[in-house]
Every structure is written in structure tokens, then in C-alpha cells.
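Have a look at entry.csv below; it lists CSV, C-alpha atoms.
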```
chain,number,residue,atom,x,y,z
X,1,MET,CA,191.0,109.3,145.2
X,2,ARG,CA,193.5,109.8,142.5
X,3,VAL,CA,195.7,107.1,143.9
X,4,ARG,CA,192.8,104.7,143.8
X,5,ILE,CA,191.9,105.4,140.2
X,6,LEU,CA,195.6,105.1,139.2
X,7,THR,CA,195.8,101.8,141.0
X,8,ALA,CA,192.7,100.5,139.3
X,9,ILE,CA,194.0,101.5,135.9
X,10,LEU,CA,197.3,99.8,136.5
X,11,LEU,CA,195.6,96.7,137.7
X,12,LEU,CA,193.3,96.6,134.7
X,13,THR,CA,196.2,97.1,132.3
X,14,ALA,CA,198.2,94.3,134.0
X,15,LEU,CA,195.3,91.9,133.9
X,16,THR,CA,194.5,92.6,130.3
X,17,GLY,CA,198.1,92.2,129.4
X,18,ALA,CA,198.3,88.9,131.2
X,19,ALA,CA,195.0,87.7,129.7
X,20,TYR,CA,196.3,88.6,126.2
X,21,ALA,CA,199.6,86.8,126.8
X,22,ASP,CA,197.7,83.8,128.0
X,23,ALA,CA,195.4,83.8,125.0
X,24,ARG,CA,198.4,84.1,122.6
X,25,SER,CA,200.4,81.3,124.3
X,26,GLU,CA,197.3,79.0,124.3
X,27,ALA,CA,196.6,79.9,120.6
X,28,LYS,CA,200.3,79.3,119.8
X,29,GLU,CA,200.1,75.8,121.3
X,30,GLN,CA,197.2,75.0,119.0
X,31,VAL,CA,199.0,76.4,116.0
X,32,GLU,CA,202.1,74.4,116.8
X,33,PHE,CA,200.1,71.2,117.2
X,34,GLY,CA,198.3,72.0,114.0
X,35,ILE,CA,201.6,72.3,112.1
X,36,ALA,CA,202.9,69.0,113.6
X,37,VAL,CA,199.8,67.1,112.5
X,38,ALA,CA,199.7,68.8,109.1
X,39,GLN,CA,203.2,67.7,108.4
X,40,LYS,CA,202.0,64.1,109.1
X,41,GLY,CA,199.2,64.6,106.6
X,42,LEU,CA,196.4,64.9,109.2
X,43,TRP,CA,194.9,68.0,107.6
X,44,LYS,CA,191.4,67.8,109.2
X,45,GLU,CA,192.9,67.7,112.7
X,46,ALA,CA,195.2,70.6,111.8
X,47,LEU,CA,192.3,72.6,110.5
X,48,TYR,CA,190.4,72.0,113.8
X,49,ARG,CA,193.5,73.2,115.8
X,50,TRP,CA,194.0,76.4,113.7
X,51,GLU,CA,190.3,77.2,113.9
X,52,ARG,CA,190.6,76.9,117.7
X,53,ALA,CA,193.7,79.1,117.6
X,54,THR,CA,191.9,81.9,115.8
X,55,GLN,CA,188.9,81.7,118.2
X,56,ILE,CA,191.2,81.9,121.2
X,57,ASP,CA,193.3,84.7,119.8
X,58,PRO,CA,191.6,86.6,116.9
X,59,THR,CA,194.6,88.9,116.6
X,60,TYR,CA,197.1,86.1,115.8
X,61,ALA,CA,198.0,86.5,112.1
X,62,ALA,CA,200.0,83.3,111.9
X,63,ALA,CA,196.9,81.3,113.0
X,64,PHE,CA,194.9,82.8,110.2
X,65,ASN,CA,197.7,82.2,107.7
X,66,ASP,CA,197.9,78.5,108.6
X,67,LEU,CA,194.1,78.2,108.7
X,68,ALA,CA,194.0,79.6,105.2
X,69,ILE,CA,196.5,77.0,104.0
X,70,GLY,CA,194.4,74.3,105.6
X,71,TYR,CA,191.3,75.5,103.9
X,72,GLU,CA,193.2,75.6,100.6
X,73,HIS,CA,194.3,72.1,101.0
X,74,GLU,CA,190.7,71.0,101.6
X,75,GLY,CA,189.4,72.9,98.6
X,76,MET,CA,187.5,75.5,100.6
X,77,LEU,CA,188.8,78.4,98.5
X,78,GLU,CA,186.3,81.1,99.6
X,79,LYS,CA,187.1,80.4,103.3
X,80,ALA,CA,190.9,80.3,102.5
X,81,GLY,CA,190.7,83.7,100.8
X,82,ALA,CA,188.9,85.3,103.8
X,83,ALA,CA,191.4,83.8,106.2
X,84,TYR,CA,194.4,85.1,104.2
X,85,GLU,CA,192.8,88.6,104.0
X,86,ARG,CA,192.3,88.5,107.8
X,87,ALA,CA,196.0,87.5,108.3
X,88,LEU,CA,197.1,90.3,106.0
X,89,LYS,CA,194.9,92.8,107.8
X,90,LEU,CA,196.6,91.8,111.1
X,91,GLU,CA,200.1,91.8,109.6
X,92,PRO,CA,200.1,93.7,106.3
X,93,ASN,CA,203.8,93.6,105.9
X,94,ASN,CA,204.4,89.9,106.6
X,95,PRO,CA,206.1,88.7,103.3
X,96,MET,CA,205.3,85.0,104.0
X,97,VAL,CA,201.6,85.6,104.3
X,98,ARG,CA,201.8,87.8,101.2
X,99,GLN,CA,203.6,85.1,99.3
X,100,ASN,CA,201.1,82.5,100.3
X,101,PHE,CA,198.2,84.8,99.4
X,102,GLU,CA,199.7,85.6,96.0
X,103,LEU,CA,200.1,81.9,95.2
X,104,PHE,CA,196.6,81.2,96.4
X,105,LYS,CA,195.2,84.0,94.2
X,106,GLU,CA,196.9,82.5,91.1
X,107,ILE,CA,195.0,79.3,91.6
X,108,HIS,CA,191.8,81.0,92.5
X,109,ASP,CA,191.9,83.4,89.6
X,110,ARG,CA,192.6,80.6,87.2
X,111,THR,CA,189.6,78.6,88.5
X,112,ASN,CA,187.3,81.6,88.2
X,113,GLN,CA,188.6,82.4,84.7
X,114,SER,CA,187.9,78.9,83.5
X,115,GLN,CA,184.5,79.0,85.0
X,116,THR,CA,183.6,82.0,82.9
X,117,PRO,CA,182.3,80.9,79.5
M,1,MET,CA,206.7,86.3,86.1
M,2,THR,CA,210.0,84.5,87.1
M,3,GLY,CA,211.4,87.9,88.2
M,4,ARG,CA,208.3,88.6,90.3
M,5,ILE,CA,208.6,85.2,92.1
M,6,SER,CA,212.4,85.7,92.6
M,7,LEU,CA,211.7,89.1,94.2
M,8,ARG,CA,209.0,87.6,96.4
M,9,LEU,CA,211.4,84.8,97.5
M,10,LEU,CA,214.2,87.4,98.1
M,11,SER,CA,211.9,89.5,100.3
M,12,VAL,CA,210.8,86.4,102.2
M,13,GLY,CA,214.5,85.5,102.7
M,14,LEU,CA,215.4,89.0,103.9
M,15,PHE,CA,212.4,88.9,106.3
M,16,LEU,CA,213.5,85.6,107.7
M,17,GLY,CA,217.1,86.8,108.0
M,18,ALA,CA,215.8,89.9,109.9
M,19,ALA,CA,213.5,87.8,112.1
M,20,GLY,CA,216.3,85.5,113.0
M,21,CYS,CA,214.6,82.8,115.0
M,22,ALA,CA,211.2,83.1,113.4
M,23,SER,CA,209.6,79.7,113.0
M,24,PHE,CA,208.2,78.7,109.7
M,25,TYR,CA,207.7,75.5,107.8
M,26,GLU,CA,207.3,75.0,104.1
M,27,ILE,CA,204.7,72.4,103.4
M,28,PRO,CA,203.5,70.8,100.1
M,29,ILE,CA,199.8,71.2,99.5
M,30,GLU,CA,197.4,69.9,96.9
M,31,THR,CA,194.5,72.2,96.2
M,32,PRO,CA,191.5,70.3,94.8
M,33,ILE,CA,189.6,72.3,92.2
M,34,ALA,CA,186.0,71.0,91.9
M,35,ALA,CA,184.7,69.9,88.5
M,36,LYS,CA,182.6,72.6,86.8
M,37,LEU,CA,180.0,70.1,85.7
M,38,ASP,CA,178.1,68.0,88.2
M,39,VAL,CA,178.7,64.5,86.7
M,40,SER,CA,177.8,62.6,89.8
M,41,ALA,CA,174.8,61.1,88.0
M,42,PHE,CA,177.0,59.4,85.5
M,43,GLN,CA,179.3,56.4,85.9
M,44,ARG,CA,180.4,56.3,82.2
M,45,VAL,CA,181.6,58.9,79.7
M,46,PHE,CA,181.4,58.4,76.0
M,47,ILE,CA,183.6,60.6,73.8
M,48,ALA,CA,181.3,60.2,70.9
M,49,GLY,CA,182.9,62.1,68.1
M,50,PHE,CA,183.2,65.6,66.7
M,51,LEU,CA,182.3,67.6,63.6
M,52,ALA,CA,185.8,68.2,62.3
M,53,GLY,CA,187.2,70.6,59.7
M,54,GLY,CA,190.5,72.1,58.6
M,55,THR,CA,193.6,70.5,57.4
M,56,GLU,CA,193.6,67.0,55.8
M,57,ASP,CA,196.9,66.2,57.6
M,58,VAL,CA,195.1,65.5,60.9
M,59,ASP,CA,191.8,63.7,61.4
M,60,GLY,CA,190.4,66.1,64.0
M,61,ASN,CA,187.6,63.8,64.9
M,62,VAL,CA,189.6,60.6,65.4
M,63,GLU,CA,192.6,62.2,67.1
M,64,THR,CA,190.5,64.2,69.5
M,65,VAL,CA,188.4,61.2,70.5
M,66,ARG,CA,191.5,59.1,71.1
M,67,LEU,CA,193.3,61.8,73.1
M,68,LEU,CA,190.4,62.7,75.3
M,69,ARG,CA,189.6,59.1,76.1
M,70,SER,CA,193.2,58.3,77.1
M,71,GLN,CA,193.3,61.4,79.3
M,72,LEU,CA,190.0,60.6,80.9
M,73,ARG,CA,191.1,57.1,81.6
M,74,LEU,CA,194.1,58.4,83.5
M,75,LYS,CA,192.6,61.4,85.2
M,76,SER,CA,188.9,60.8,85.9
M,77,ASN,CA,186.8,58.4,87.9
M,78,LEU,CA,184.4,57.9,85.1
M,79,LYS,CA,184.5,54.7,83.1
M,80,VAL,CA,185.4,55.5,79.5
M,81,VAL,CA,183.3,53.8,76.9
M,82,ASP,CA,185.5,52.3,74.2
M,83,ALA,CA,183.7,52.4,70.8
M,84,ASP,CA,184.4,53.7,67.4
M,85,ALA,CA,184.2,57.5,67.0
M,86,LEU,CA,180.9,58.4,65.4
M,87,PRO,CA,181.1,59.9,61.9
M,88,LEU,CA,179.1,62.9,62.9
M,89,LEU,CA,179.6,64.9,59.7
M,90,GLU,CA,178.0,62.0,57.8
M,91,VAL,CA,175.2,61.7,60.4
M,92,ALA,CA,174.6,65.5,60.3
M,93,ALA,CA,174.7,65.6,56.5
M,94,ASN,CA,171.9,63.0,56.4
M,95,THR,CA,169.8,64.7,59.1
M,96,GLY,CA,167.4,67.5,58.4
M,97,ALA,CA,168.1,70.9,59.9
M,98,GLU,CA,165.0,70.5,61.9
M,99,GLY,CA,166.6,67.6,63.7
M,100,GLN,CA,164.7,64.8,62.2
M,101,ALA,CA,166.9,61.9,61.3
M,102,ALA,CA,166.5,60.5,57.8
M,103,GLY,CA,164.5,57.3,58.3
M,104,PRO,CA,164.7,54.1,56.4
M,105,SER,CA,162.4,55.6,53.8
M,106,ALA,CA,165.2,58.0,52.7
M,107,VAL,CA,166.2,56.7,49.3
M,108,GLU,CA,169.7,58.1,49.0
M,109,THR,CA,172.2,59.3,51.6
M,110,LYS,CA,174.1,62.5,51.1
M,111,GLU,CA,177.8,62.5,50.9
M,112,PRO,CA,179.4,64.3,53.9
M,113,PRO,CA,181.5,67.3,53.0
M,114,HIS,CA,185.3,66.9,52.9
M,115,PRO,CA,186.8,68.2,56.1
M,116,SER,CA,189.3,70.4,54.2
M,117,SER,CA,186.3,72.3,52.7
M,118,LEU,CA,185.3,73.3,56.2
M,119,LYS,CA,187.8,75.9,57.0
M,120,ASN,CA,186.4,77.5,60.1
M,121,GLU,CA,183.7,77.3,62.8
M,122,LYS,CA,181.2,79.1,60.5
M,123,ASP,CA,181.5,76.3,57.9
M,124,LEU,CA,180.5,73.8,60.5
M,125,GLU,CA,177.4,75.6,61.6
M,126,PRO,CA,175.0,74.0,59.0
M,127,TYR,CA,175.8,70.6,60.7
M,128,GLU,CA,175.6,71.7,64.3
M,129,HIS,CA,171.8,70.9,64.4
M,130,ILE,CA,173.0,67.3,65.2
M,131,PHE,CA,173.8,68.5,68.7
M,132,ALA,CA,170.2,69.4,69.4
M,133,ASP,CA,168.8,66.1,68.1
M,134,ALA,CA,167.7,64.6,71.4
M,135,ASP,CA,166.3,61.5,69.9
M,136,TYR,CA,169.6,60.6,68.2
M,137,TRP,CA,171.6,61.1,71.4
M,138,LYS,CA,169.1,59.2,73.5
M,139,LYS,CA,169.5,56.2,71.2
M,140,ILE,CA,173.2,56.5,71.5
M,141,GLY,CA,172.8,56.8,75.3
M,142,GLU,CA,170.7,53.7,75.4
M,143,GLU,CA,173.3,51.8,73.4
M,144,TYR,CA,176.1,52.6,75.8
M,145,GLN,CA,174.2,52.4,79.2
M,146,ASN,CA,173.3,56.1,79.6
M,147,PRO,CA,176.7,57.7,79.8
M,148,LEU,CA,177.6,61.3,79.8
M,149,ILE,CA,178.2,62.0,76.1
M,150,VAL,CA,180.9,64.4,75.0
M,151,THR,CA,180.8,65.8,71.4
M,152,GLY,CA,181.3,69.1,69.7
M,153,THR,CA,183.4,70.6,66.9
M,154,VAL,CA,187.1,70.6,66.1
M,155,VAL,CA,188.7,72.9,63.5
M,156,PHE,CA,192.4,72.6,63.0
M,157,THR,CA,193.6,74.9,60.3
M,158,PRO,CA,197.0,76.1,59.0
M,159,HIS,CA,197.8,79.7,59.6
M,160,SER,CA,200.6,82.0,58.7
M,161,GLN,CA,201.4,85.5,59.9
M,162,SER,CA,204.1,88.0,59.0
M,163,GLY,CA,205.1,91.0,60.9
M,164,MET,CA,207.5,92.5,63.4
M,165,VAL,CA,208.6,90.0,66.1
M,166,GLN,CA,210.8,90.8,69.1
M,167,ARG,CA,213.5,88.4,70.1
M,168,GLU,CA,216.5,88.5,72.3
M,169,GLN,CA,220.0,88.6,70.8
M,170,GLU,CA,223.3,88.1,72.5
M,171,VAL,CA,225.8,90.9,71.7
M,172,ILE,CA,229.4,91.5,72.7
M,173,ASP,CA,230.4,95.1,73.4
M,174,ALA,CA,233.7,96.8,72.8
M,175,LEU,CA,235.1,95.6,76.1
M,176,GLY,CA,234.2,92.0,75.3
M,177,ARG,CA,231.2,91.8,77.6
M,178,ARG,CA,228.3,89.7,76.7
M,179,ARG,CA,224.8,91.1,77.0
M,180,VAL,CA,221.3,90.3,75.7
M,181,GLU,CA,219.4,92.9,73.8
M,182,PRO,CA,215.9,92.9,72.4
M,183,VAL,CA,215.9,92.9,68.6
M,184,ARG,CA,212.8,93.6,66.5
M,185,GLU,CA,212.7,92.1,63.1
M,186,TYR,CA,210.3,91.2,60.3
M,187,MET,CA,209.5,87.6,60.2
M,188,GLU,CA,207.2,85.3,58.3
M,189,ARG,CA,205.8,82.5,60.5
M,190,LYS,CA,203.5,79.7,60.0
M,191,GLY,CA,201.6,77.4,62.3
M,192,PHE,CA,198.2,76.2,63.2
M,193,ILE,CA,195.0,77.3,64.9
M,194,LEU,CA,193.0,74.8,66.9
M,195,ALA,CA,189.4,75.8,67.7
M,196,GLU,CA,187.4,73.3,69.8
M,197,LYS,CA,183.9,73.4,71.2
M,198,PHE,CA,182.9,70.8,73.7
M,199,ILE,CA,179.2,69.9,74.1
M,200,PHE,CA,178.0,67.7,76.9
M,201,ILE,CA,174.9,65.6,76.5
M,202,ASP,CA,172.9,63.6,79.1
M,203,GLY,CA,172.8,60.1,77.6
M,204,ARG,CA,169.6,59.4,79.6
M,205,THR,CA,167.5,62.1,77.9
M,206,GLY,CA,169.6,63.1,74.9
M,207,ALA,CA,169.4,66.7,76.1
M,208,GLN,CA,172.4,69.1,76.1
M,209,ILE,CA,173.8,69.9,79.6
M,210,PRO,CA,174.4,73.6,80.1
M,211,GLY,CA,178.1,74.4,80.5
M,212,GLY,CA,179.7,73.6,77.2
M,213,GLU,CA,183.3,74.9,76.6
M,214,THR,CA,185.0,76.7,73.8
M,215,PHE,CA,188.7,76.9,73.3
M,216,ARG,CA,190.9,78.5,70.7
M,217,GLU,CA,194.7,78.1,70.7
M,218,GLU,CA,197.3,78.9,68.1
M,219,ARG,CA,201.0,78.2,67.6
M,220,LEU,CA,203.3,79.9,65.2
M,221,TYR,CA,206.7,78.6,64.2
M,222,ASN,CA,209.6,80.0,62.3
M,223,GLN,CA,209.0,79.4,58.6
M,224,ASN,CA,212.0,77.1,58.3
M,225,ASP,CA,211.0,74.9,61.2
M,226,ASN,CA,208.7,72.6,59.2
M,227,THR,CA,206.8,71.4,62.2
M,228,PRO,CA,204.4,68.5,61.3
M,229,ALA,CA,200.7,69.2,61.7
M,230,LEU,CA,200.2,66.3,64.0
M,231,SER,CA,202.9,67.4,66.5
M,232,SER,CA,201.5,70.9,66.5
M,233,TYR,CA,198.0,69.5,67.1
M,234,PHE,CA,199.3,67.7,70.2
M,235,GLU,CA,201.1,70.8,71.4
M,236,LEU,CA,197.8,72.8,71.1
M,237,MET,CA,195.9,70.0,72.8
M,238,ASP,CA,198.4,70.1,75.7
M,239,ASP,CA,197.0,73.6,76.5
M,240,ILE,CA,193.4,72.6,76.1
M,241,ILE,CA,193.2,69.2,77.9
M,242,PRO,CA,193.7,70.5,81.5
M,243,ARG,CA,190.9,72.9,81.0
M,244,PHE,CA,188.7,70.2,79.5
M,245,LEU,CA,189.5,67.8,82.3
M,246,SER,CA,188.7,70.4,84.9
M,247,THR,CA,185.1,70.5,83.5
M,248,LEU,CA,184.5,66.8,84.2
M,249,SER,CA,186.7,65.9,87.1
M,250,THR,CA,188.2,67.3,90.2
M,251,GLN,CA,191.8,68.4,89.5
M,252,ARG,CA,194.5,68.7,92.2
M,253,VAL,CA,196.9,71.6,91.8
M,254,ARG,CA,200.2,71.0,93.6
M,255,GLY,CA,202.2,73.7,95.3
M,256,SER,CA,203.8,74.7,98.5
M,257,ARG,CA,203.0,77.2,101.3
M,258,VAL,CA,204.7,78.5,104.4
M,259,LEU,CA,203.1,77.7,107.8
M,260,ILE,CA,204.0,80.1,110.5
M,261,LYS,CA,204.1,79.7,114.3
```

Exercise: express the given structure as C-alpha cells:
Amino acid sequence: MRVRILTAILLLTALTGAAYADARSEAKEQVEFGIAVAQKGLWKEALYRWERATQIDPTYAAAFNDLAIGYEHEGMLEKAGAAYERALKLEPNNPMVRQNFELFKEIHDRTNQSQTP
Amino acid sequence: MTGRISLRLLSVGLFLGAAGCASFYEIPIETPIAAKLDVSAFQRVFIAGFLAGGTEDVDGNVETVRLLRSQLRLKSNLKVVDADALPLLEVAANTGAEGQAAGPSAVETKEPPHPSSLKNEKDLEPYEHIFADADYWKKIGEEYQNPLIVTGTVVFTPHSQSGMVQREQEVIDALGRRRVEPVREYMERKGFILAEKFIFIDGRTGAQIPGGETFREERLYNQNDNTPALSSYFELMDDIIPRFLSTLSTQRVRGSRVLIK
């Protein structure tokens, strides 16, 4: 009985790990494609790819970081802020995400400040 | 500020060094900042003129009209109406406080006050009723094909201030090493204050559009600098113009971000 339970747990762990690895590699493909098209100026396509990546792997901080940059470029500042926050929640110590977020906040704060009479 | 950015860049560099093969790409981005006013109903903008006060050295009305028009031509999609700046002080002086324009029956016209006698925003208040005169603005609107009308007040006044000022001074110590030390000293400085209020009027109805803007900037110079009033005016306008433009048109802020794999 014990052996069966142990086998089941091991099998489950292995399957989950494999599924996780699959999701991450699929999401990574989307992220890389998004980066390639963003570098060519195709931001709408990039945005679509990064959105897909975050749906495939919602624990992938880089995908949220890139998605936030895409939103920023398209002027969707609220969505950009939320995506940066999500990226930082997943990887609080990633200095690149932090730097991007700080630069974003400078623009966002300036906009809000000038909107206040 | 520069120190903070340097620290950030240093920490990013260290992280990348530690990560070794981490993949990242710096990419330039342009963030569009939407205009604060919805001007989609207008194809034209008319910088009509301003109630101006302050120093005689700069004609706040004419200079502001000229500068705003040239900036809007460069940085906005609206067609800029080219016409003489309205002498608003004169118009306001001949218009009743209740907003009724003096009709042809008015026998004599009042002399407008000299701008130098209007030293601050308070001095202009008796003339500000002109902004609420919807009939007057509607007529102006009809004349220029229903544009968005920009008007307001401009007060450009000399200003001086004395007190303790901190500045950095280079010193050489006993060992011949140079270093910079903060020094506090008493200084008399003079400069200018520019206070501007922008009012937006719908040329179709003559009514004010909510969302006017008020700006106040000052520059002080060393007393020996002798900075001309006009160049100080342009310096101050350099700070105000981007904020004014962001009210009327979408602005793009350039920067760069790091994409990560």
C-alpha cells in the first residue's frame, strides 16, 4: 500500500514538473518571438505574444516585464503598472524589472501630477 | 537623482555579471501621454490673446501668443489660426463686469490700464470677467470657423531675493588634493516670476471648457548677471510649454527599457 502511494506521489511530481517545464519553454518561445518582432517595431504583434506567454506560464516574471514594456509603448499605462507589479511579485529582486518599473513610475507620476489642477 | 540612476545601473550591471549568460535586450520606447483635454471636436486652435501684466520689457500678450502658436504648429495636429493677438485688456476695460459688451451706443471707450500697473494676478482679476463673456467668444469663434480658443492671463514680474545660498566650492587641502565642499553664503539675487493661467473656450458656444491650467515659475540669477527680461521669459516658458502642450495634444516621452528572455 505504502509503495503504491509513494509511486503515485513520485509520478505526480514528475508529471507536474514536466508540465511546468513544458509551459515555461512554450512561454519562452512566445517571449523570444515577441522580443524579435518588437525590435523590428511590430509592437502589436509583440504585445500579443507576451500576453500569450503570461497566459501559458503565469509565473514567468520576464514575460510580465516585457508585457509591461509593450503596454507602456502603446500608452496603456494602467495595464503596464499592473504587469510590472506582477513581474516584481514573481521576482522581487530582479534589478532589471525594478529599473524598468522605476523609469515607468517617473513618467506615470509626472502624468498624474500634471493632471491634478 | 544622477547618483540614484548610477546606482541602479551599477546594480543592473552587477546582476548581469552574476547571471553570466542572462539574455536581455535594451530597447528604445516612446510612451504616448494622452492629451488632458478632449480636443477631437476641433480642427483649429486660436491662441486669441492674454490679459497681461508685469514688466514693460516684455509684452506678455504678444510674446505668449507668438510662442504658443509656433509650438502648436510644430507639436500638435490642430491647425493654428494666424491672426493678430486680441487686445484683451482693452476689450475687458470696455466691457461691463456683468459680461455685457459695450455696444455702439457707448459714447466713449475707456483707456486700458498700463500693463506695468498690473503687478500680480490679483490686479488682473477685475478684467477676468471677459473670459465668461460667452457672446464675445462665440463671435470670435464664428469669425475663425469655430476653433478651440486659448486665452488667459500672463504676469511677468521682476523679482529679487536675498538670503543664504548653498553653492559648491573647490578647495585644495594641505596635501594638494582637490575636493568640492558646500559653502553657504549670503547672496542678493534677482530674476523674474512668470505666472500664467490658460483658459480654454469652445469657439462654437463661447463657453469655457473645464480643465484650465495654472503655472507659476521663477528664475533667480546672480545680481551681476544682468540677464535680459526677454531671455528669462523664454527660459521660464521652456518649463511651461511642455505642460501646456500635454493639455492639447498627445505627447511622446522617449526612453529605453530592458526586455528579458

(message) Could you tell me which residues of chain X sit within 7 Å of chain M when counting all atoms listed in the file, and give me the result as a list in words?
(response)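 Listing them in order of chain and number gives Lys28, Val31, Glu32, Ala62, Asp66, Glu72, His73, Glu74, Gly75, Pro95, Met96, Gln99, Asn100, Gln115 and Pro117 of chain X.
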
(message) For a test of reading the model, state the distance in Å between CA of Glu170 (chain M) and CA of Glu185 (chain M), rounded to one decimal.
(response)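 Interatomic distance here is 14.7 Å.
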
(request) Find the residues around Ile130 (chain M) up to 12 Å (all atoms listed in the file counted), leave out those fewer than 3 positions away in its own chain, and share them as a ChimeraX atom specification. (result) /M:49-51,86-102,124-127,133-137,151-153,199,201,206-208

(message) Could you check the closest approach to Gln39 (chain X) for each of X:Gly81, X:Gly70, X:Glu91, X:Pro58 and tell me which residue wins, using only C-alpha atoms?
(response) X:Gly70

(request) May I have the residues within 10 Å of Arg204 (chain M) as number ranges by chain, using all atoms listed in the file and disregarding those fewer than 5 positions away in the same chain? (result) M: 42, 134, 137-142, 145-149

(request) Find the distance between CA of Asp57 (chain M) and CA of Leu236 (chain M) and write it in Å to one decimal. (result)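 Computing it gives 15.1 Å between the two atoms.
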
Show me, as CSV, the residues of region 111-208 of chain M having an atom within 6 Å of region 217-230 of chain M, each with the closest atom pair and its distance in Å, using all atoms listed in the file.
```
residue,atom,partner,partner_atom,distance
M:Arg189,CA,M:Gln223,CA,4.8
M:Lys190,CA,M:Leu220,CA,5.2
M:Gly191,CA,M:Leu220,CA,4.2
M:Phe192,CA,M:Arg219,CA,5.6
M:Ile193,CA,M:Glu218,CA,4.3
M:Leu194,CA,M:Glu217,CA,5.3
```

(message) One decimal, in Å: what's the spacing between CA of Glu85 (chain X) and CA of Lys40 (chain X)?
(response)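 For CA of Glu85 (chain X) relative to CA of Lys40 (chain X), the distance reads 26.7 Å.
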
(request) Write out as a VMD selection string each polymer residue whose atoms come within 9 Å of Gln55 (chain X), counting only C-alpha atoms; drop sequence neighbours fewer than 4 positions from it. (result) chain X and resid 27 50 to 51

(request) Name the residues in contact with Arg184 (chain M) at a cut-off of 7 Å, using all atoms listed in the file, excluding same-chain residues fewer than 3 positions from it; report them as a ChimeraX atom specification. (result) /M:164-167

For the residues in the current selection, export C-alpha atoms as an mmCIF file, in the coordinates of the input.
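Final file, out-v4.cif:
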```cif
data_model
loop_
_atom_site.group_PDB
_atom_site.id
_atom_site.type_symbol
_atom_site.label_atom_id
_atom_site.label_comp_id
_atom_site.auth_asym_id
_atom_site.auth_seq_id
_atom_site.Cartn_x
_atom_site.Cartn_y
_atom_site.Cartn_z
ATOM 1 C CA MET M 164 207.500 92.500 63.400
ATOM 2 C CA VAL M 165 208.600 90.000 66.100
ATOM 3 C CA GLN M 166 210.800 90.800 69.100
ATOM 4 C CA ARG M 167 213.500 88.400 70.100
#
```

(request) Please identify all polymer residues lying at most 8 Å from the point (195.4, 84.3, 120.8) (file coordinates), using all atoms listed in the file, and present the result as a PyMOL selection string. (result) chain X and resi 20-28+53-60
